[in-house]
Amino acid sequence: MADTAGQAEIRGIDIQKLAEGFADVGVVLSSYIPTVQATAREMRWYSKTSGAGSSNFLSSPTTTGVTTDMIETASKAMPVVIENSYTRNTSYVKKFFASSPLLSIEDLKDCDPDIWGDIIRDTVRAVNKKKDARALVVLDAAGCGTAAATGNGWNVDADADPVLDFLAAIESIESYGYNAGDLIAYMNPAEKKWLLRWLITVKGSSIPGFSSSKVENGEVMTLLGVKLVSDPLRPTDTVTIFSPSQAIKYKEFVPLTTAVIDEPGVGKTVRVWTEGEFVRMNPLAVFKLTDTIN
């Protein structure tokens, strides 16, 4: 059975000092989201609705017998009044906080694995993972564009069409006036597998530079100008396409902080915390594709 830090078996002479058993998985989603400073735990922000249309341009109200925009008018006529409307929103800081167990001075001194280095690293990663999960909750919340994938899913060759699904997402985001130049498709590796299989095997497409390109921050390639970002922490059956520069921000109240609590003669504990909240200012710069895998 696996041993914790206080058990004698972990101090064996012939064990491999580098702890193994799982691979590190980077925190992917948060790395694409801009961070701004929050000055208070309660954050008030406003979402703007420009006009009656979906393009985010101001337009005139209509009146009896007139159904067209009245900005174009006759000579000597009075100008039509146009104005914005705003919705006030309030968000509150979330605290992400974790602590190690008390590691005894004896364990710190003679354990073969680097239990101190491991617990610091893994506690930081655990806090960042929870923060990343919060980012996805906010990003995928109700109010964004959404549609089911074409046909029965990307793994059903007969009627799958991921390209059409991507085009629908781009069309939706652009129809509300957002620039589609920096879009990201955030997906589970299962979606990546079936998407690439469909592109290469089913459609016979080639992907220039894919075989030699470097995978960084989970990004493997682009499709129709959209970066494909794969993350095992993303639940399967949904792909979220969004503009990171326009859709969402992380408002950081307290940056990632670590502290060591020293108990002289006993041992040490490490604590890790950060405080902030993700704010999705422009929900229509996000589009969710659902039912992507049958």
# chains A, B, ... in the order shown; residues from 1 in each chain; ligands from 1
call {"tool": "select_by_dssp", "arguments": {"residues": "segment 106-286 of chain A", "states": "helix (DSSP H, G or I)", "output": "VMD selection string"}}
result
chain A and resid 106 to 110 115 to 139 162 to 175 189 to 202 244 to 247 283 to 285
call {"tool": "residues_around", "arguments": {"residues": "Val137 of chain A", "least_positions_apart": "5", "cutoff": "12 Å", "atoms": "only C-alpha atoms", "output": "list in words"}}
result
Leu29, Lys130, Lys131, Asp132, Ala142, Arg234, Pro235, Thr240, Ile248, Glu277, Phe278, Val279 and Arg280 of chain A
call {"tool": "residues_around", "arguments": {"residues": "Asn188 of chain A", "least_positions_apart": "4", "cutoff": "10 Å", "atoms": "only C-alpha atoms", "output": "list in words"}}
result
Lys192, Lys193, Val229, Ser230, Asp231, Pro232, Leu233, Arg234, Pro235, Thr236, Asp237, Thr238 and Val239 of chain A
call {"tool": "residues_around", "arguments": {"residues": "segment 31-40 of chain A", "least_positions_apart": "6", "cutoff": "12 Å", "atoms": "only C-alpha atoms", "output": "ChimeraX atom specification"}}
result
/A:90-94,128-129,131-132,135-136,138-139,182-186,216-219,227,229,231,242-255,275-280
call {"tool": "atom_distance", "arguments": {"atom1": "atom CA of Gly267 of chain A", "atom2": "atom CA of Ala98 of chain A"}}
result
17.6 Å
call {"tool": "residues_around", "arguments": {"residues": "segment 157-159 of chain A", "least_positions_apart": "5", "cutoff": "12 Å", "atoms": "only C-alpha atoms", "output": "PyMOL selection string"}}
result
chain A and resi 149-152+164-165+194-195+197-199+201-203+292-294
call {"tool": "write_last_selection", "arguments": {"atoms": "all heavy atoms", "output": "short mmCIF file (atom, residue, chain, number, x, y, z; two decimals), in the first residue's frame"}}
result
data_model
loop_
_atom_site.label_atom_id
_atom_site.label_comp_id
_atom_site.auth_asym_id
_atom_site.auth_seq_id
_atom_site.Cartn_x
_atom_site.Cartn_y
_atom_site.Cartn_z
N ALA A 149 -23.55 19.93 -31.29
CA ALA A 149 -22.71 19.61 -32.44
C ALA A 149 -23.57 19.01 -33.56
O ALA A 149 -24.60 18.38 -33.32
CB ALA A 149 -21.61 18.63 -32.04
N THR A 150 -23.12 19.23 -34.79
CA THR A 150 -23.83 18.70 -35.95
C THR A 150 -23.92 17.18 -35.89
O THR A 150 -22.94 16.51 -35.54
CB THR A 150 -23.12 19.13 -37.24
OG1 THR A 150 -23.03 20.55 -37.27
CG2 THR A 150 -23.87 18.65 -38.47
N GLY A 151 -25.06 16.65 -36.23
CA GLY A 151 -25.22 15.20 -36.29
C GLY A 151 -25.21 14.58 -34.91
O GLY A 151 -25.75 15.13 -33.95
N ASN A 152 -24.55 13.43 -34.81
CA ASN A 152 -24.55 12.66 -33.57
C ASN A 152 -23.21 12.74 -32.83
O ASN A 152 -22.96 11.93 -31.94
CB ASN A 152 -24.88 11.20 -33.87
CG ASN A 152 -26.33 11.03 -34.28
OD1 ASN A 152 -27.23 11.26 -33.48
ND2 ASN A 152 -26.54 10.65 -35.52
N LEU A 164 -18.21 22.75 -39.67
CA LEU A 164 -19.46 23.52 -39.62
C LEU A 164 -19.75 24.00 -38.20
O LEU A 164 -20.21 25.14 -38.01
CB LEU A 164 -20.62 22.67 -40.13
CG LEU A 164 -21.99 23.37 -40.21
CD1 LEU A 164 -21.93 24.57 -41.14
CD2 LEU A 164 -23.06 22.38 -40.67
N ASP A 165 -19.44 23.17 -37.21
CA ASP A 165 -19.64 23.58 -35.81
C ASP A 165 -18.76 24.77 -35.46
O ASP A 165 -19.22 25.72 -34.81
CB ASP A 165 -19.33 22.41 -34.87
CG ASP A 165 -20.29 21.25 -35.05
OD1 ASP A 165 -21.43 21.48 -35.50
OD2 ASP A 165 -19.90 20.11 -34.76
N TRP A 194 -10.95 12.87 -31.53
CA TRP A 194 -11.95 12.63 -32.58
C TRP A 194 -11.94 13.75 -33.62
O TRP A 194 -12.22 13.49 -34.81
CB TRP A 194 -13.33 12.47 -31.96
CG TRP A 194 -13.46 11.19 -31.20
CD1 TRP A 194 -13.56 11.03 -29.84
CD2 TRP A 194 -13.46 9.87 -31.74
NE1 TRP A 194 -13.62 9.71 -29.50
CE2 TRP A 194 -13.56 8.95 -30.65
CE3 TRP A 194 -13.37 9.35 -33.04
CZ2 TRP A 194 -13.60 7.58 -30.84
CZ3 TRP A 194 -13.40 7.97 -33.22
CH2 TRP A 194 -13.51 7.11 -32.13
N LEU A 195 -11.64 14.97 -33.21
CA LEU A 195 -11.56 16.07 -34.17
C LEU A 195 -10.41 15.83 -35.15
O LEU A 195 -10.58 15.96 -36.37
CB LEU A 195 -11.37 17.39 -33.43
CG LEU A 195 -11.10 18.62 -34.30
CD1 LEU A 195 -12.25 18.87 -35.27
CD2 LEU A 195 -10.87 19.85 -33.43
N ARG A 197 -8.90 13.02 -35.83
CA ARG A 197 -9.19 11.85 -36.66
C ARG A 197 -10.12 12.22 -37.80
O ARG A 197 -9.93 11.79 -38.95
CB ARG A 197 -9.82 10.74 -35.80
CG ARG A 197 -10.19 9.51 -36.62
CD ARG A 197 -10.98 8.49 -35.81
NE ARG A 197 -11.40 7.38 -36.65
CZ ARG A 197 -12.50 7.39 -37.42
NH1 ARG A 197 -13.28 8.45 -37.43
NH2 ARG A 197 -12.80 6.33 -38.17
N TRP A 198 -11.15 13.01 -37.51
CA TRP A 198 -12.10 13.41 -38.55
C TRP A 198 -11.39 14.23 -39.63
O TRP A 198 -11.61 14.03 -40.82
CB TRP A 198 -13.23 14.22 -37.93
CG TRP A 198 -14.36 14.51 -38.87
CD1 TRP A 198 -15.45 13.73 -39.13
CD2 TRP A 198 -14.52 15.69 -39.67
NE1 TRP A 198 -16.28 14.35 -40.05
CE2 TRP A 198 -15.72 15.56 -40.40
CE3 TRP A 198 -13.76 16.84 -39.84
CZ2 TRP A 198 -16.17 16.52 -41.29
CZ3 TRP A 198 -14.19 17.82 -40.74
CH2 TRP A 198 -15.40 17.65 -41.44
N LEU A 199 -10.52 15.15 -39.21
CA LEU A 199 -9.83 16.01 -40.17
C LEU A 199 -8.86 15.21 -41.04
O LEU A 199 -8.78 15.43 -42.25
CB LEU A 199 -9.06 17.11 -39.43
CG LEU A 199 -9.89 18.21 -38.77
CD1 LEU A 199 -9.00 19.07 -37.89
CD2 LEU A 199 -10.58 19.07 -39.82
N THR A 201 -8.27 11.51 -41.09
CA THR A 201 -8.66 10.20 -41.63
C THR A 201 -9.94 10.27 -42.45
O THR A 201 -10.00 9.77 -43.58
CB THR A 201 -8.83 9.19 -40.49
OG1 THR A 201 -7.62 9.15 -39.72
CG2 THR A 201 -9.15 7.81 -41.03
N VAL A 202 -10.96 10.90 -41.88
CA VAL A 202 -12.26 10.91 -42.56
C VAL A 202 -12.24 11.86 -43.75
O VAL A 202 -12.65 11.52 -44.86
CB VAL A 202 -13.39 11.30 -41.58
CG1 VAL A 202 -14.73 11.37 -42.30
CG2 VAL A 202 -13.44 10.31 -40.43
N LYS A 203 -11.72 13.06 -43.55
CA LYS A 203 -11.70 14.05 -44.63
C LYS A 203 -10.39 14.05 -45.41
O LYS A 203 -10.28 14.70 -46.43
CB LYS A 203 -11.97 15.45 -44.07
CG LYS A 203 -13.42 15.67 -43.65
CD LYS A 203 -14.35 15.49 -44.84
CE LYS A 203 -15.80 15.70 -44.46
NZ LYS A 203 -16.70 15.46 -45.61
N THR A 292 -20.65 16.78 -28.22
CA THR A 292 -19.60 16.62 -29.22
C THR A 292 -19.17 15.18 -29.41
O THR A 292 -18.54 14.83 -30.41
CB THR A 292 -18.39 17.49 -28.87
OG1 THR A 292 -18.07 17.29 -27.48
CG2 THR A 292 -18.68 18.96 -29.10
N ILE A 293 -19.43 14.33 -28.42
CA ILE A 293 -19.08 12.92 -28.52
C ILE A 293 -20.31 12.08 -28.19
O ILE A 293 -20.98 12.32 -27.19
CB ILE A 293 -17.92 12.55 -27.58
CG1 ILE A 293 -16.63 13.25 -28.03
CG2 ILE A 293 -17.69 11.03 -27.58
CD1 ILE A 293 -15.44 12.91 -27.18
N ASN A 294 -20.59 11.11 -29.04
CA ASN A 294 -21.74 10.24 -28.82
C ASN A 294 -21.38 9.18 -27.77
O ASN A 294 -20.37 8.50 -27.93
CB ASN A 294 -22.13 9.56 -30.15
CG ASN A 294 -23.44 8.82 -30.06
OD1 ASN A 294 -23.63 8.01 -29.16
ND2 ASN A 294 -24.33 9.11 -30.98
#
